[in-house]
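S.K.: Please find one structure pasted underneath; my questions will follow.
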Amino acid sequence: MKRDVITKVNGFHTMDGAGVRLSRVLGLNTTKDFDPFLLLDSYDSTDPAEYQAGFPGVPARGMELITYVKNGTMRHRDNLGNDTTVESGEVQWMTACSGILHTEAFLPVEHLVGVQIWLNVMNDEKMDDADYHIIKNDDIEEIALEGGSLRLLAGRYEDHNGYMGKHQPLDMYDISIKAGASVSIPTPDYASVMVFSMSGNVKIGGTPVDERSAVKLSQGDSIEISADTDSDILVLSSVETGERVVWGNTVIMTSERDIETAYRELEKGTFFKTKK
């Protein structure tokens, strides 16, 4: 059974970090509909002044922060000792869980394109150890499709395997489709699936999906995507948590008490836990 669009969300421009202009597509008001995808921010700029200020000193807990640098370069530092550079085509997979303090900054390029996704973590795993990983270009397989191509950023596609996260499962595809072409993407029928159009306009089950908009799909075992223009589409497939979500800025828990505990720990200097 083919999946259809059941919810569509358009992003809005906002500023975050120390002065980064971005499009916020998913957030507080979409949490229930897009479970387990909490947040999706899109970066698309030809002006370095819009993003060079970066994101300094952000403490996070209770989710995984996954950044796909489609085009550009991102510098990362954190309290785990990581000091890395994420290049065009690569993915940064940061597991906040019990707590991580991180900074990011995009370096000047002709055209910055990327997305950051927050993936929820089940309540009984939220206080697991923080972790960090870069999915390098050499670890990303490109698969030819009839009508386009697919970069397997993470998870599985048919009999192909990519990087596997340790918490919520995630299949993450960057799919390129030529104008006038279409592709068929198999999906597990139990999965929670969303699609984000990074560039170009497509249709899913006859429903238009405009550039830089996200859609949640109905249940089914495949997605049919047709492109009106040359398009790059991000397909994300995971499993719903079904749990309550309480936001405390960059802390995501299941109760107000846990949010209060996190901020008391920040004040006392006990927020960041030692790896077991």
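Just remember, in the structure tokens the first chain shown is A, the second B, etc., residues are 1-based per chain, and ligands are 1-based in the order shown.
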Enumerate, as an MDAnalysis selection string, the complete set of residues in stretch 83-266 of chain A that a backbone-based DSSP assignment places in strand (DSSP E).
M.R.: chainID A and resid 83:86 90:95 100:106 112:120 131:135 141:145 148:154 156:157 160:161 171:177 182:186 192:199 202:204 207:209 213:217 222:227 231:238 246:248 251:253
S.K.: Could you give me, as a list in words, the residues within 9 Å of A:Thr30, counting only C-alpha atoms and dropping anything in the same chain fewer than 5 positions from it?
M.R.: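 Listed by chain and then number, they are Val9, Val25, Asp35, Phe37, Leu38 and Leu39 of chain A.
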S.K.: Counting only C-alpha atoms, which of A:Gln168, A:Ser255, A:Ser98, A:Ser176 gets nearest to A:Lys273?
M.R.: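 Comparing A:Gln168, A:Ser255, A:Ser98, A:Ser176 against A:Lys273, the winner is A:Ser98.
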S.K.: Mind running stretch 204-268 of chain A against stretch 100-111 of chain A at 12 Å and telling me each contacting residue's nearest atom pair with the distance in Å (one decimal), counting only C-alpha atoms, chain and number ascending, as CSV?
M.R.:
```
residue,atom,partner,partner_atom,distance
A:Thr250,CA,A:Ile100,CA,10.4
A:Val251,CA,A:Ile100,CA,10.3
A:Ala262,CA,A:Ile100,CA,11.9
A:Leu266,CA,A:Leu101,CA,10.7
```
S.K.: Name all residues at most 8 Å from stretch 121-130 of chain A (count only C-alpha atoms; drop same-chain ones fewer than 3 positions away) and give them as a ChimeraX atom specification.
M.R.: /A:36,61-64,94-100,167-168,241,243,253-254,273-276
S.K.: For N, CA, C and O atoms, I'd like the residues from the last selection saved as a PDB file, in the first residue's frame.
M.R.:
```pdb
ATOM      1  N   PRO A  36       8.791  10.269  15.884  1.00  0.00           N
ATOM      2  CA  PRO A  36       9.666  10.783  16.938  1.00  0.00           C
ATOM      3  C   PRO A  36      10.541  11.958  16.506  1.00  0.00           C
ATOM      4  O   PRO A  36      11.556  12.242  17.146  1.00  0.00           O
ATOM      5  N   ARG A  61      20.027  17.655  26.282  1.00  0.00           N
ATOM      6  CA  ARG A  61      19.752  16.377  26.957  1.00  0.00           C
ATOM      7  C   ARG A  61      18.475  15.769  26.383  1.00  0.00           C
ATOM      8  O   ARG A  61      17.542  16.476  26.014  1.00  0.00           O
ATOM      9  N   GLY A  62      18.438  14.436  26.309  1.00  0.00           N
ATOM     10  CA  GLY A  62      17.189  13.727  26.055  1.00  0.00           C
ATOM     11  C   GLY A  62      16.863  13.422  24.618  1.00  0.00           C
ATOM     12  O   GLY A  62      15.792  12.875  24.336  1.00  0.00           O
ATOM     13  N   MET A  63      17.772  13.725  23.663  1.00  0.00           N
ATOM     14  CA  MET A  63      17.498  13.450  22.251  1.00  0.00           C
ATOM     15  C   MET A  63      18.820  13.259  21.519  1.00  0.00           C
ATOM     16  O   MET A  63      19.897  13.394  22.099  1.00  0.00           O
ATOM     17  N   GLU A  64      18.717  12.960  20.221  1.00  0.00           N
ATOM     18  CA  GLU A  64      19.884  12.915  19.348  1.00  0.00           C
ATOM     19  C   GLU A  64      19.758  14.048  18.336  1.00  0.00           C
ATOM     20  O   GLU A  64      18.675  14.320  17.823  1.00  0.00           O
ATOM     21  N   MET A  94      25.060  13.330  16.876  1.00  0.00           N
ATOM     22  CA  MET A  94      25.390  13.670  18.254  1.00  0.00           C
ATOM     23  C   MET A  94      24.297  13.161  19.181  1.00  0.00           C
ATOM     24  O   MET A  94      23.144  13.569  19.082  1.00  0.00           O
ATOM     25  N   THR A  95      24.669  12.242  20.060  1.00  0.00           N
ATOM     26  CA  THR A  95      23.734  11.677  21.031  1.00  0.00           C
ATOM     27  C   THR A  95      23.850  12.474  22.318  1.00  0.00           C
ATOM     28  O   THR A  95      24.836  12.352  23.057  1.00  0.00           O
ATOM     29  N   ALA A  96      22.843  13.310  22.589  1.00  0.00           N
ATOM     30  CA  ALA A  96      22.877  14.118  23.805  1.00  0.00           C
ATOM     31  C   ALA A  96      22.583  13.244  25.025  1.00  0.00           C
ATOM     32  O   ALA A  96      23.336  13.235  25.997  1.00  0.00           O
ATOM     33  N   CYS A  97      21.485  12.508  24.991  1.00  0.00           N
ATOM     34  CA  CYS A  97      21.053  11.649  26.105  1.00  0.00           C
ATOM     35  C   CYS A  97      21.268  12.364  27.446  1.00  0.00           C
ATOM     36  O   CYS A  97      20.664  13.400  27.686  1.00  0.00           O
ATOM     37  N   SER A  98      22.151  11.864  28.330  1.00  0.00           N
ATOM     38  CA  SER A  98      22.260  12.443  29.676  1.00  0.00           C
ATOM     39  C   SER A  98      22.786  13.867  29.682  1.00  0.00           C
ATOM     40  O   SER A  98      22.575  14.597  30.647  1.00  0.00           O
ATOM     41  N   GLY A  99      23.470  14.274  28.600  1.00  0.00           N
ATOM     42  CA  GLY A  99      23.895  15.662  28.536  1.00  0.00           C
ATOM     43  C   GLY A  99      25.181  15.874  27.773  1.00  0.00           C
ATOM     44  O   GLY A  99      26.162  15.145  27.969  1.00  0.00           O
ATOM     45  N   ILE A 100      25.163  16.868  26.898  1.00  0.00           N
ATOM     46  CA  ILE A 100      26.358  17.245  26.147  1.00  0.00           C
ATOM     47  C   ILE A 100      26.370  18.762  25.994  1.00  0.00           C
ATOM     48  O   ILE A 100      25.312  19.388  25.888  1.00  0.00           O
ATOM     49  N   HIS A 167      19.962   4.214  19.489  1.00  0.00           N
ATOM     50  CA  HIS A 167      18.690   4.432  20.182  1.00  0.00           C
ATOM     51  C   HIS A 167      17.533   4.250  19.204  1.00  0.00           C
ATOM     52  O   HIS A 167      17.362   3.155  18.688  1.00  0.00           O
ATOM     53  N   GLN A 168      16.732   5.279  18.946  1.00  0.00           N
ATOM     54  CA  GLN A 168      15.660   5.112  17.975  1.00  0.00           C
ATOM     55  C   GLN A 168      16.252   4.717  16.616  1.00  0.00           C
ATOM     56  O   GLN A 168      17.203   5.359  16.153  1.00  0.00           O
ATOM     57  N   THR A 241       7.679   6.966  19.409  1.00  0.00           N
ATOM     58  CA  THR A 241       7.888   6.652  20.819  1.00  0.00           C
ATOM     59  C   THR A 241       6.556   6.496  21.539  1.00  0.00           C
ATOM     60  O   THR A 241       6.446   5.709  22.483  1.00  0.00           O
ATOM     61  N   GLU A 243       5.419   8.496  23.574  1.00  0.00           N
ATOM     62  CA  GLU A 243       5.585   9.016  24.927  1.00  0.00           C
ATOM     63  C   GLU A 243       5.306  10.522  24.985  1.00  0.00           C
ATOM     64  O   GLU A 243       5.356  11.223  23.980  1.00  0.00           O
ATOM     65  N   MET A 253      12.423  16.011  27.787  1.00  0.00           N
ATOM     66  CA  MET A 253      12.151  14.928  28.719  1.00  0.00           C
ATOM     67  C   MET A 253      10.658  14.563  28.635  1.00  0.00           C
ATOM     68  O   MET A 253       9.945  15.044  27.760  1.00  0.00           O
ATOM     69  N   THR A 254      10.203  13.721  29.568  1.00  0.00           N
ATOM     70  CA  THR A 254       8.793  13.309  29.553  1.00  0.00           C
ATOM     71  C   THR A 254       7.999  13.883  30.715  1.00  0.00           C
ATOM     72  O   THR A 254       6.805  13.608  30.840  1.00  0.00           O
ATOM     73  N   LYS A 273      27.356  14.114  32.808  1.00  0.00           N
ATOM     74  CA  LYS A 273      27.659  12.887  33.520  1.00  0.00           C
ATOM     75  C   LYS A 273      28.938  12.254  32.979  1.00  0.00           C
ATOM     76  O   LYS A 273      29.265  12.386  31.787  1.00  0.00           O
ATOM     77  N   THR A 274      29.652  11.558  33.835  1.00  0.00           N
ATOM     78  CA  THR A 274      30.864  10.849  33.426  1.00  0.00           C
ATOM     79  C   THR A 274      30.474   9.589  32.690  1.00  0.00           C
ATOM     80  O   THR A 274      29.585   8.846  33.138  1.00  0.00           O
ATOM     81  N   LYS A 275      31.138   9.310  31.564  1.00  0.00           N
ATOM     82  CA  LYS A 275      30.855   8.079  30.822  1.00  0.00           C
ATOM     83  C   LYS A 275      31.211   6.871  31.675  1.00  0.00           C
ATOM     84  O   LYS A 275      32.222   6.831  32.344  1.00  0.00           O
ATOM     85  N   LYS A 276      30.284   5.881  31.624  1.00  0.00           N
ATOM     86  CA  LYS A 276      30.469   4.665  32.439  1.00  0.00           C
ATOM     87  C   LYS A 276      31.588   3.819  31.837  1.00  0.00           C
ATOM     88  O   LYS A 276      31.787   3.775  30.647  1.00  0.00           O
TER      89      LYS A 276
END
```
S.K.: Give me the residues near A:Met1 as a PyMOL selection string, where near means some atom within 7 Å (using only C-alpha atoms) and where sequence neighbours in that chain fewer than 6 positions away do not count.
M.R.: chain A and resi 220-222
S.K.: Just to be explicit: take each residue in the selection above, keep N, CA, C and O atoms, and write the result as a compact mmCIF listing (two decimals), in the first residue's frame.
M.R.:
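again31.txt, written as the output of this step:
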```
# COMPACT_ATOMS: atom_id res chain seq x y z
N GLY A 220 1.98 2.47 5.30
CA GLY A 220 2.10 1.82 4.01
C GLY A 220 3.47 1.20 3.86
O GLY A 220 4.32 1.31 4.75
N ASP A 221 3.69 0.55 2.71
CA ASP A 221 4.97 -0.12 2.51
C ASP A 221 5.80 0.49 1.38
O ASP A 221 6.84 -0.05 1.01
N SER A 222 5.35 1.65 0.84
CA SER A 222 6.15 2.31 -0.20
C SER A 222 5.74 3.76 -0.33
O SER A 222 4.65 4.16 0.07
```
